[in-house]
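Colleague: One file: target_21.txt (compact mmCIF, N, CA and C atoms and all ligand atoms).
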# COMPACT_ATOMS: atom_id res chain seq x y z
N MET A 24 0.85 -1.20 0.00
CA MET A 24 0.00 0.00 0.00
C MET A 24 0.89 1.25 0.00
N THR A 25 0.64 2.16 -0.93
CA THR A 25 1.46 3.37 -1.00
C THR A 25 1.03 4.36 0.07
N ASN A 26 1.88 5.34 0.31
CA ASN A 26 1.50 6.40 1.25
C ASN A 26 0.24 7.10 0.79
N GLU A 27 0.13 7.28 -0.53
CA GLU A 27 -1.03 7.99 -1.08
C GLU A 27 -2.32 7.22 -0.77
N SER A 28 -2.29 5.89 -0.97
CA SER A 28 -3.51 5.13 -0.72
C SER A 28 -3.84 5.06 0.77
N ILE A 29 -2.82 5.06 1.62
CA ILE A 29 -3.08 5.12 3.06
C ILE A 29 -3.82 6.41 3.38
N ALA A 30 -3.37 7.51 2.78
CA ALA A 30 -4.02 8.81 3.03
C ALA A 30 -5.47 8.79 2.57
N VAL A 31 -5.74 8.17 1.42
CA VAL A 31 -7.11 8.13 0.90
C VAL A 31 -7.99 7.31 1.83
N VAL A 32 -7.50 6.13 2.26
CA VAL A 32 -8.27 5.30 3.17
C VAL A 32 -8.57 6.08 4.45
N THR A 33 -7.56 6.76 4.96
CA THR A 33 -7.74 7.51 6.20
C THR A 33 -8.78 8.61 6.02
N GLU A 34 -8.74 9.29 4.89
CA GLU A 34 -9.72 10.36 4.66
C GLU A 34 -11.13 9.80 4.61
N SER A 35 -11.32 8.65 3.94
CA SER A 35 -12.68 8.11 3.84
C SER A 35 -13.15 7.59 5.19
N GLN A 36 -12.24 7.02 5.98
CA GLN A 36 -12.63 6.59 7.33
C GLN A 36 -13.03 7.79 8.16
N GLN A 37 -12.30 8.87 7.96
CA GLN A 37 -12.62 10.09 8.71
C GLN A 37 -14.00 10.60 8.32
N GLU A 38 -14.36 10.48 7.04
CA GLU A 38 -15.69 10.90 6.58
C GLU A 38 -16.78 10.07 7.25
N VAL A 39 -16.55 8.77 7.35
CA VAL A 39 -17.53 7.88 8.00
C VAL A 39 -17.70 8.28 9.47
N LEU A 40 -16.58 8.53 10.12
CA LEU A 40 -16.63 8.92 11.54
C LEU A 40 -17.30 10.28 11.71
N LEU A 41 -17.00 11.20 10.81
CA LEU A 41 -17.61 12.53 10.89
C LEU A 41 -19.13 12.42 10.73
N ALA A 42 -19.57 11.61 9.79
CA ALA A 42 -21.02 11.42 9.59
C ALA A 42 -21.66 10.83 10.85
N ALA A 43 -20.97 9.88 11.48
CA ALA A 43 -21.52 9.26 12.70
C ALA A 43 -21.58 10.28 13.84
N ALA A 44 -20.56 11.10 13.96
CA ALA A 44 -20.55 12.12 15.02
C ALA A 44 -21.62 13.17 14.77
N LEU A 45 -21.81 13.53 13.50
CA LEU A 45 -22.85 14.51 13.16
C LEU A 45 -24.25 13.94 13.42
N GLY A 46 -24.38 12.63 13.25
CA GLY A 46 -25.66 11.99 13.57
C GLY A 46 -25.91 12.00 15.07
N ALA A 47 -24.87 11.67 15.83
CA ALA A 47 -25.01 11.57 17.29
C ALA A 47 -25.28 12.93 17.92
N VAL A 48 -24.66 13.97 17.38
CA VAL A 48 -24.80 15.29 18.02
C VAL A 48 -26.26 15.75 18.00
N GLN A 49 -27.03 15.23 17.06
CA GLN A 49 -28.45 15.58 17.00
C GLN A 49 -29.21 15.09 18.23
N HIS A 50 -28.65 14.08 18.90
CA HIS A 50 -29.33 13.49 20.06
C HIS A 50 -28.84 14.05 21.39
N ALA A 51 -27.95 15.01 21.35
CA ALA A 51 -27.41 15.57 22.60
C ALA A 51 -28.54 16.03 23.50
N HIS A 52 -28.44 15.65 24.78
CA HIS A 52 -29.44 16.09 25.78
C HIS A 52 -28.79 17.21 26.58
N ILE A 53 -29.08 18.44 26.21
CA ILE A 53 -28.30 19.57 26.71
C ILE A 53 -29.19 20.72 27.20
N PRO A 54 -30.16 20.41 28.07
CA PRO A 54 -31.04 21.50 28.52
C PRO A 54 -30.32 22.55 29.36
N TYR A 55 -29.16 22.24 29.91
CA TYR A 55 -28.48 23.15 30.84
C TYR A 55 -27.40 23.96 30.13
N SER A 56 -26.46 23.32 29.48
CA SER A 56 -25.37 24.07 28.83
C SER A 56 -25.73 24.54 27.43
N LYS A 57 -26.64 23.84 26.78
CA LYS A 57 -26.97 24.10 25.36
C LYS A 57 -25.76 23.86 24.44
N TYR A 58 -24.77 23.19 24.94
CA TYR A 58 -23.53 22.94 24.17
C TYR A 58 -23.53 21.48 23.72
N ALA A 59 -23.79 21.29 22.44
CA ALA A 59 -23.94 19.94 21.90
C ALA A 59 -22.59 19.37 21.46
N VAL A 60 -22.38 18.11 21.80
CA VAL A 60 -21.15 17.40 21.40
C VAL A 60 -21.54 16.05 20.80
N GLY A 61 -20.91 15.73 19.69
CA GLY A 61 -21.06 14.41 19.08
C GLY A 61 -19.69 13.77 18.94
N ALA A 62 -19.61 12.48 19.20
CA ALA A 62 -18.33 11.77 19.10
C ALA A 62 -18.53 10.47 18.35
N ALA A 63 -17.52 10.08 17.63
CA ALA A 63 -17.53 8.77 16.97
C ALA A 63 -16.15 8.14 17.15
N LEU A 64 -16.16 6.92 17.67
CA LEU A 64 -14.94 6.21 18.02
C LEU A 64 -14.85 4.95 17.16
N GLN A 65 -13.72 4.82 16.49
CA GLN A 65 -13.53 3.64 15.63
C GLN A 65 -12.66 2.62 16.34
N ALA A 66 -13.20 1.43 16.51
CA ALA A 66 -12.43 0.34 17.12
C ALA A 66 -11.46 -0.25 16.09
N ALA A 67 -10.52 -1.04 16.60
CA ALA A 67 -9.50 -1.62 15.73
C ALA A 67 -10.10 -2.53 14.67
N ASP A 68 -11.26 -3.11 14.94
CA ASP A 68 -11.89 -3.99 13.94
C ASP A 68 -12.74 -3.19 12.94
N GLY A 69 -12.75 -1.87 13.09
CA GLY A 69 -13.46 -1.00 12.14
C GLY A 69 -14.84 -0.56 12.61
N THR A 70 -15.38 -1.22 13.64
CA THR A 70 -16.71 -0.85 14.13
C THR A 70 -16.68 0.57 14.70
N VAL A 71 -17.73 1.33 14.39
CA VAL A 71 -17.82 2.71 14.86
C VAL A 71 -18.89 2.82 15.94
N TYR A 72 -18.53 3.46 17.04
CA TYR A 72 -19.46 3.71 18.15
C TYR A 72 -19.62 5.21 18.30
N ALA A 73 -20.87 5.67 18.28
CA ALA A 73 -21.12 7.10 18.36
C ALA A 73 -21.75 7.44 19.70
N GLY A 74 -21.57 8.69 20.13
CA GLY A 74 -22.16 9.14 21.39
C GLY A 74 -22.41 10.63 21.38
N CYS A 75 -23.32 11.05 22.25
CA CYS A 75 -23.58 12.48 22.43
C CYS A 75 -23.48 12.78 23.92
N ASN A 76 -23.38 14.05 24.26
CA ASN A 76 -23.39 14.38 25.69
C ASN A 76 -24.81 14.30 26.22
N ILE A 77 -24.91 13.81 27.46
CA ILE A 77 -26.21 13.59 28.10
C ILE A 77 -26.16 14.27 29.47
N GLU A 78 -26.82 15.41 29.57
CA GLU A 78 -26.80 16.17 30.83
C GLU A 78 -27.93 15.70 31.74
N ASN A 79 -27.86 16.17 32.99
CA ASN A 79 -28.81 15.72 34.00
C ASN A 79 -29.11 16.86 34.96
N ALA A 80 -30.34 16.89 35.49
CA ALA A 80 -30.72 17.93 36.45
C ALA A 80 -29.81 17.91 37.67
N SER A 81 -29.28 16.74 38.01
CA SER A 81 -28.20 16.65 39.00
C SER A 81 -26.91 16.78 38.20
N TYR A 82 -26.41 17.99 38.07
CA TYR A 82 -25.38 18.31 37.06
C TYR A 82 -24.21 17.34 36.95
N PRO A 83 -23.60 16.91 38.08
CA PRO A 83 -22.43 16.03 37.94
C PRO A 83 -22.77 14.67 37.34
N ALA A 84 -24.04 14.33 37.29
CA ALA A 84 -24.43 13.04 36.71
C ALA A 84 -24.35 13.05 35.19
N GLY A 85 -24.17 14.20 34.61
CA GLY A 85 -24.06 14.28 33.15
C GLY A 85 -22.80 13.59 32.66
N ILE A 86 -22.81 13.24 31.38
CA ILE A 86 -21.64 12.55 30.81
C ILE A 86 -21.33 13.12 29.43
N CYS A 87 -20.04 13.18 29.14
CA CYS A 87 -19.57 13.71 27.85
C CYS A 87 -19.82 12.72 26.71
N ALA A 88 -19.88 13.26 25.52
CA ALA A 88 -20.11 12.45 24.32
C ALA A 88 -19.02 11.41 24.11
N GLU A 89 -17.79 11.80 24.35
CA GLU A 89 -16.66 10.88 24.10
C GLU A 89 -16.76 9.65 25.00
N ARG A 90 -17.15 9.90 26.27
CA ARG A 90 -17.24 8.76 27.19
C ARG A 90 -18.46 7.90 26.90
N VAL A 91 -19.53 8.50 26.38
CA VAL A 91 -20.67 7.68 25.97
C VAL A 91 -20.22 6.73 24.86
N ALA A 92 -19.51 7.26 23.87
CA ALA A 92 -19.03 6.40 22.78
C ALA A 92 -18.11 5.30 23.33
N LEU A 93 -17.21 5.69 24.24
CA LEU A 93 -16.26 4.72 24.79
C LEU A 93 -16.95 3.62 25.59
N VAL A 94 -17.88 4.00 26.47
CA VAL A 94 -18.51 2.96 27.29
C VAL A 94 -19.41 2.05 26.45
N LYS A 95 -20.00 2.62 25.40
CA LYS A 95 -20.74 1.74 24.50
C LYS A 95 -19.81 0.70 23.91
N ALA A 96 -18.66 1.14 23.44
CA ALA A 96 -17.71 0.24 22.77
C ALA A 96 -17.15 -0.80 23.75
N VAL A 97 -16.71 -0.34 24.92
CA VAL A 97 -16.09 -1.26 25.87
C VAL A 97 -17.11 -2.29 26.35
N SER A 98 -18.35 -1.83 26.53
CA SER A 98 -19.38 -2.77 27.01
C SER A 98 -19.80 -3.76 25.94
N GLU A 99 -19.36 -3.50 24.70
CA GLU A 99 -19.60 -4.46 23.61
C GLU A 99 -18.37 -5.36 23.39
N GLY A 100 -17.37 -5.21 24.27
CA GLY A 100 -16.20 -6.08 24.19
C GLY A 100 -15.00 -5.48 23.49
N GLN A 101 -15.09 -4.23 23.04
CA GLN A 101 -13.96 -3.60 22.36
C GLN A 101 -12.94 -3.11 23.38
N ARG A 102 -11.66 -3.22 23.02
CA ARG A 102 -10.61 -2.73 23.90
C ARG A 102 -9.55 -1.92 23.14
N ARG A 103 -9.54 -2.03 21.83
CA ARG A 103 -8.51 -1.32 21.05
C ARG A 103 -9.20 -0.38 20.07
N PHE A 104 -8.66 0.84 20.00
CA PHE A 104 -9.29 1.89 19.21
C PHE A 104 -8.27 2.60 18.34
N GLU A 105 -8.75 3.16 17.25
CA GLU A 105 -7.83 3.81 16.31
C GLU A 105 -8.08 5.30 16.15
N ARG A 106 -9.35 5.69 16.03
CA ARG A 106 -9.65 7.10 15.73
C ARG A 106 -10.86 7.57 16.51
N LEU A 107 -10.83 8.86 16.84
CA LEU A 107 -11.95 9.52 17.49
C LEU A 107 -12.23 10.82 16.75
N VAL A 108 -13.47 11.02 16.36
CA VAL A 108 -13.89 12.30 15.79
C VAL A 108 -14.88 12.96 16.75
N VAL A 109 -14.66 14.22 17.04
CA VAL A 109 -15.53 14.99 17.93
C VAL A 109 -16.04 16.22 17.19
N VAL A 110 -17.35 16.43 17.27
CA VAL A 110 -17.97 17.59 16.62
C VAL A 110 -18.62 18.47 17.68
N THR A 111 -18.30 19.74 17.63
CA THR A 111 -18.92 20.74 18.50
C THR A 111 -19.14 22.01 17.68
N SER A 112 -19.78 23.01 18.30
CA SER A 112 -20.00 24.26 17.58
C SER A 112 -18.68 24.94 17.23
N ASN A 113 -17.65 24.72 18.07
CA ASN A 113 -16.41 25.48 17.91
C ASN A 113 -15.15 24.64 17.74
N GLY A 114 -15.31 23.33 17.57
CA GLY A 114 -14.14 22.48 17.33
C GLY A 114 -13.30 22.21 18.57
N ALA A 115 -13.92 22.27 19.74
CA ALA A 115 -13.17 22.11 20.99
C ALA A 115 -12.61 20.70 21.14
N LEU A 116 -11.58 20.60 21.96
CA LEU A 116 -10.93 19.33 22.25
C LEU A 116 -11.63 18.60 23.39
N PRO A 117 -11.45 17.28 23.48
CA PRO A 117 -12.04 16.51 24.59
C PRO A 117 -11.53 17.00 25.94
N CYS A 118 -12.38 16.93 26.94
CA CYS A 118 -12.02 17.38 28.30
C CYS A 118 -11.01 16.40 28.91
N GLY A 119 -10.48 16.80 30.05
CA GLY A 119 -9.45 16.00 30.72
C GLY A 119 -9.94 14.64 31.17
N ILE A 120 -11.17 14.57 31.66
CA ILE A 120 -11.69 13.28 32.12
C ILE A 120 -11.80 12.32 30.94
N CYS A 121 -12.28 12.82 29.81
CA CYS A 121 -12.39 11.97 28.61
C CYS A 121 -11.01 11.54 28.12
N ARG A 122 -10.07 12.45 28.13
CA ARG A 122 -8.70 12.10 27.71
C ARG A 122 -8.17 10.96 28.58
N GLN A 123 -8.37 11.08 29.89
CA GLN A 123 -7.88 10.06 30.82
C GLN A 123 -8.55 8.71 30.55
N MET A 124 -9.85 8.73 30.38
CA MET A 124 -10.56 7.46 30.22
C MET A 124 -10.21 6.79 28.90
N LEU A 125 -10.05 7.60 27.85
CA LEU A 125 -9.65 7.04 26.56
C LEU A 125 -8.22 6.51 26.61
N SER A 126 -7.36 7.20 27.35
CA SER A 126 -5.95 6.83 27.43
C SER A 126 -5.76 5.45 28.04
N GLU A 127 -6.65 5.06 28.92
CA GLU A 127 -6.60 3.72 29.51
C GLU A 127 -6.52 2.64 28.43
N PHE A 128 -7.21 2.86 27.33
CA PHE A 128 -7.31 1.85 26.28
C PHE A 128 -6.39 2.13 25.10
N CYS A 129 -6.12 3.41 24.83
CA CYS A 129 -5.41 3.69 23.59
C CYS A 129 -4.70 5.04 23.60
N PRO A 130 -3.49 5.11 24.18
CA PRO A 130 -2.75 6.38 24.19
C PRO A 130 -2.43 6.88 22.78
N ALA A 131 -2.36 5.96 21.81
CA ALA A 131 -2.00 6.35 20.44
C ALA A 131 -3.22 6.76 19.61
N LEU A 132 -4.38 6.79 20.24
CA LEU A 132 -5.62 7.14 19.51
C LEU A 132 -5.44 8.44 18.72
N LEU A 133 -5.89 8.42 17.48
CA LEU A 133 -5.85 9.64 16.67
C LEU A 133 -7.14 10.41 16.90
N VAL A 134 -7.01 11.67 17.25
CA VAL A 134 -8.16 12.51 17.60
C VAL A 134 -8.31 13.61 16.56
N TYR A 135 -9.56 13.75 16.08
CA TYR A 135 -9.87 14.81 15.11
C TYR A 135 -11.05 15.59 15.65
N THR A 136 -10.93 16.91 15.71
CA THR A 136 -12.08 17.71 16.11
C THR A 136 -12.54 18.55 14.92
N PHE A 137 -13.86 18.73 14.87
CA PHE A 137 -14.48 19.51 13.81
C PHE A 137 -15.48 20.47 14.41
N ASP A 138 -15.69 21.58 13.73
CA ASP A 138 -16.82 22.43 14.10
C ASP A 138 -18.02 22.00 13.26
N MET A 139 -19.17 22.61 13.54
CA MET A 139 -20.41 22.19 12.87
C MET A 139 -20.39 22.46 11.37
N GLN A 140 -19.51 23.34 10.94
CA GLN A 140 -19.38 23.60 9.50
C GLN A 140 -18.46 22.57 8.84
N GLN A 141 -18.09 21.58 9.63
CA GLN A 141 -17.24 20.48 9.18
C GLN A 141 -15.82 20.92 8.84
N ASN A 142 -15.38 22.01 9.44
CA ASN A 142 -13.97 22.41 9.34
C ASN A 142 -13.19 21.65 10.40
N ARG A 143 -12.12 21.00 9.97
CA ARG A 143 -11.29 20.30 10.95
C ARG A 143 -10.46 21.33 11.72
N ARG A 144 -10.49 21.21 13.05
CA ARG A 144 -9.78 22.17 13.89
C ARG A 144 -8.53 21.58 14.54
N PHE A 145 -8.51 20.25 14.68
CA PHE A 145 -7.36 19.62 15.34
C PHE A 145 -7.21 18.20 14.85
N ALA A 146 -5.99 17.79 14.68
CA ALA A 146 -5.68 16.39 14.40
C ALA A 146 -4.39 16.06 15.13
N GLY A 147 -4.46 15.10 16.02
CA GLY A 147 -3.26 14.71 16.76
C GLY A 147 -3.57 13.47 17.58
N SER A 148 -2.55 13.00 18.29
CA SER A 148 -2.77 11.79 19.07
C SER A 148 -3.22 12.14 20.48
N LEU A 149 -3.82 11.17 21.13
CA LEU A 149 -4.24 11.35 22.51
C LEU A 149 -3.02 11.61 23.40
N ALA A 150 -1.90 10.97 23.07
CA ALA A 150 -0.67 11.20 23.84
C ALA A 150 -0.24 12.66 23.75
N ASP A 151 -0.50 13.30 22.62
CA ASP A 151 -0.22 14.74 22.49
C ASP A 151 -1.09 15.54 23.46
N LEU A 152 -2.33 15.07 23.63
CA LEU A 152 -3.30 15.81 24.45
C LEU A 152 -3.17 15.50 25.93
N LEU A 153 -2.55 14.38 26.25
CA LEU A 153 -2.42 13.98 27.66
C LEU A 153 -1.01 13.44 27.91
N PRO A 154 0.00 14.33 27.80
CA PRO A 154 1.37 13.85 28.01
C PRO A 154 1.58 13.42 29.45
N GLY A 155 2.38 12.39 29.62
CA GLY A 155 2.67 11.89 30.96
C GLY A 155 1.46 11.28 31.65
N ALA A 156 0.59 10.72 30.86
CA ALA A 156 -0.67 10.18 31.40
C ALA A 156 -0.41 9.12 32.47
N PHE A 157 -1.28 9.12 33.45
CA PHE A 157 -1.29 8.02 34.43
C PHE A 157 -2.03 6.86 33.79
N GLY A 158 -1.40 5.70 33.79
CA GLY A 158 -2.03 4.57 33.12
C GLY A 158 -1.84 3.27 33.86
N PRO A 159 -2.30 2.19 33.27
CA PRO A 159 -2.24 0.87 33.92
C PRO A 159 -0.81 0.49 34.35
N ASP A 160 0.19 0.96 33.59
CA ASP A 160 1.58 0.60 33.91
C ASP A 160 2.01 1.11 35.28
N GLN A 161 1.35 2.17 35.76
CA GLN A 161 1.74 2.73 37.06
C GLN A 161 1.21 1.90 38.23
N LEU A 162 0.33 0.99 37.96
CA LEU A 162 -0.26 0.18 39.03
C LEU A 162 0.34 -1.22 39.00
N SER A 163 0.97 -1.60 40.10
CA SER A 163 1.58 -2.93 40.13
C SER A 163 0.58 -3.93 40.69
N VAL A 164 -0.51 -4.07 39.98
CA VAL A 164 -1.53 -5.03 40.45
C VAL A 164 -1.57 -6.22 39.51
N1 LIG B 201 -18.71 17.97 26.95
C1 LIG B 201 -18.50 16.86 26.19
O1 LIG B 201 -19.45 16.17 25.80
N2 LIG B 201 -17.23 16.53 25.87
C2 LIG B 201 -16.12 17.22 26.27
O2 LIG B 201 -15.02 16.79 26.05
C3 LIG B 201 -16.29 18.51 26.92
C4 LIG B 201 -17.64 18.82 27.44
C5 LIG B 201 -20.08 18.32 27.31
C6 LIG B 201 -20.40 18.16 28.77
C7 LIG B 201 -21.55 19.12 28.92
O3 LIG B 201 -22.74 18.44 28.54
C8 LIG B 201 -21.26 20.21 27.92
O4 LIG B 201 -20.32 19.68 27.01
C9 LIG B 201 -20.71 21.46 28.54
O5 LIG B 201 -19.62 21.20 29.35
Take the structure in the file and write it out as structure tokens.

Modeller:
Amino acid sequence: MTNESIAVVTESQQEVLLAAALGAVQHAHIPYSKYAVGAALQAADGTVYAGCNIENASYPAGICAERVALVKAVSEGQRRFERLVVVTSNGALPCGICRQMLSEFCPALLVYTFDMQQNRRFAGSLADLLPGAFGPDQLSV
């Protein structure tokens, strides 16, 4: 496979993930912040898991879109992930709690953020976003 074809495959996978994140963001339950987030996480086997943020009248009970996608995937038996696409109004990056939870499974995860106009705002690895992460290796259990 040439570098060029790798790039093409990656772009089309990114399109699939972007479409899934744009679908999920429509379901965001955001009566409090009004800030909608959609996420799509691609597992190593290619399966895509999408999530939206789900807020709650008991504010701390709310959960971010990225973690919804992750817990859906992990609860279906997935443990290895390749790409994450996040869509927000302004292309924001995943919060620290989401970075930590994703890092448990995949420090090398490729993260792409987009705004609602589908402009890509960031592309980098989770390790870039969470340097020096605390992970399973630190626990001698
Ligand atoms: N939110 C996410 O879904 N993902 C993030 O990484 C940052 C924040 C949600 C949580 C809450 O519903 C809203 O955005 C405002 O914080």

Colleague: Running DSSP on the backbone, which parts of region 32-137 of chain A land in alpha helix (DSSP H), as a PyMOL selection string?

Modeller: chain A and resi 32-48+88-98+119-126

Colleague: Which protein, DNA or RNA residues are at most 6 Å from (-20.5, 18.6, 19.1) in the file's coordinates when you count all atoms listed in the file, listed as number ranges by chain?

Modeller: A: 48, 59-61, 109-112

Colleague: Anything within 12 Å of (-6.9, 8.5, 11.5): list those residues as number ranges by chain, counting only C-alpha atoms and sticking to the file's coordinates.

Modeller: A: 29-41, 63-67, 69, 104-108, 131-136, 145-149

Colleague: Which of these residues is nearest to His52 (chain A), using all atoms listed in the file: A:Val91, A:Ala115, A:Asn79, A:Asp68?

Modeller: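 Counting all atoms listed in the file, the residue closest to His52 (chain A) is A:Asn79.
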
Colleague: Output the neighbourhood of ligand LIG 201 (chain B) as a list in words, that is, all protein and nucleic acid residues with some atom at most 5 Å from the ligand, counting only N, CA and C atoms and all ligand atoms.

Modeller: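 Within the 5 Å cut-off, the matching residues are Tyr58, Val60, Asn76, Cys87, Ala88, Glu89, Leu116, Pro117 and Cys118 of chain A.
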
Colleague: Can you complete the atoms of region 76-94 of chain A to N, CA, C and O atoms and list them as a short mmCIF file (atom, residue, chain, number, x, y, z; two decimals), in the frame of the given file?

Modeller:
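Once written, selection-v4.cif looks like this:
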data_model
loop_
_atom_site.label_atom_id
_atom_site.label_comp_id
_atom_site.auth_asym_id
_atom_site.auth_seq_id
_atom_site.Cartn_x
_atom_site.Cartn_y
_atom_site.Cartn_z
N ASN A 76 -23.38 14.05 24.26
CA ASN A 76 -23.39 14.38 25.69
C ASN A 76 -24.81 14.30 26.22
O ASN A 76 -25.79 14.65 25.54
N ILE A 77 -24.91 13.81 27.46
CA ILE A 77 -26.21 13.59 28.10
C ILE A 77 -26.16 14.27 29.47
O ILE A 77 -25.50 13.77 30.39
N GLU A 78 -26.82 15.41 29.57
CA GLU A 78 -26.80 16.17 30.83
C GLU A 78 -27.93 15.70 31.74
O GLU A 78 -28.80 14.92 31.34
N ASN A 79 -27.86 16.17 32.99
CA ASN A 79 -28.81 15.72 34.00
C ASN A 79 -29.11 16.86 34.96
O ASN A 79 -28.23 17.70 35.22
N ALA A 80 -30.34 16.89 35.49
CA ALA A 80 -30.72 17.93 36.45
C ALA A 80 -29.81 17.91 37.67
O ALA A 80 -29.58 18.95 38.30
N SER A 81 -29.28 16.74 38.01
CA SER A 81 -28.20 16.65 39.00
C SER A 81 -26.91 16.78 38.20
O SER A 81 -26.39 15.80 37.65
N TYR A 82 -26.41 17.99 38.07
CA TYR A 82 -25.38 18.31 37.06
C TYR A 82 -24.21 17.34 36.95
O TYR A 82 -23.84 16.95 35.84
N PRO A 83 -23.60 16.91 38.08
CA PRO A 83 -22.43 16.03 37.94
C PRO A 83 -22.77 14.67 37.34
O PRO A 83 -21.87 13.93 36.95
N ALA A 84 -24.04 14.33 37.29
CA ALA A 84 -24.43 13.04 36.71
C ALA A 84 -24.35 13.05 35.19
O ALA A 84 -24.42 11.99 34.56
N GLY A 85 -24.17 14.20 34.61
CA GLY A 85 -24.06 14.28 33.15
C GLY A 85 -22.80 13.59 32.66
O GLY A 85 -21.85 13.39 33.41
N ILE A 86 -22.81 13.24 31.38
CA ILE A 86 -21.64 12.55 30.81
C ILE A 86 -21.33 13.12 29.43
O ILE A 86 -22.23 13.50 28.67
N CYS A 87 -20.04 13.18 29.14
CA CYS A 87 -19.57 13.71 27.85
C CYS A 87 -19.82 12.72 26.71
O CYS A 87 -19.87 11.50 26.92
N ALA A 88 -19.88 13.26 25.52
CA ALA A 88 -20.11 12.45 24.32
C ALA A 88 -19.02 11.41 24.11
O ALA A 88 -19.30 10.25 23.73
N GLU A 89 -17.79 11.80 24.35
CA GLU A 89 -16.66 10.88 24.10
C GLU A 89 -16.76 9.65 25.00
O GLU A 89 -16.46 8.53 24.58
N ARG A 90 -17.15 9.90 26.27
CA ARG A 90 -17.24 8.76 27.19
C ARG A 90 -18.46 7.90 26.90
O ARG A 90 -18.44 6.69 27.15
N VAL A 91 -19.53 8.50 26.38
CA VAL A 91 -20.67 7.68 25.97
C VAL A 91 -20.22 6.73 24.86
O VAL A 91 -20.50 5.52 24.90
N ALA A 92 -19.51 7.26 23.87
CA ALA A 92 -19.03 6.40 22.78
C ALA A 92 -18.11 5.30 23.33
O ALA A 92 -18.21 4.13 22.94
N LEU A 93 -17.21 5.69 24.24
CA LEU A 93 -16.26 4.72 24.79
C LEU A 93 -16.95 3.62 25.59
O LEU A 93 -16.65 2.43 25.43
N VAL A 94 -17.88 4.00 26.47
CA VAL A 94 -18.51 2.96 27.29
C VAL A 94 -19.41 2.05 26.45
O VAL A 94 -19.54 0.86 26.75
#
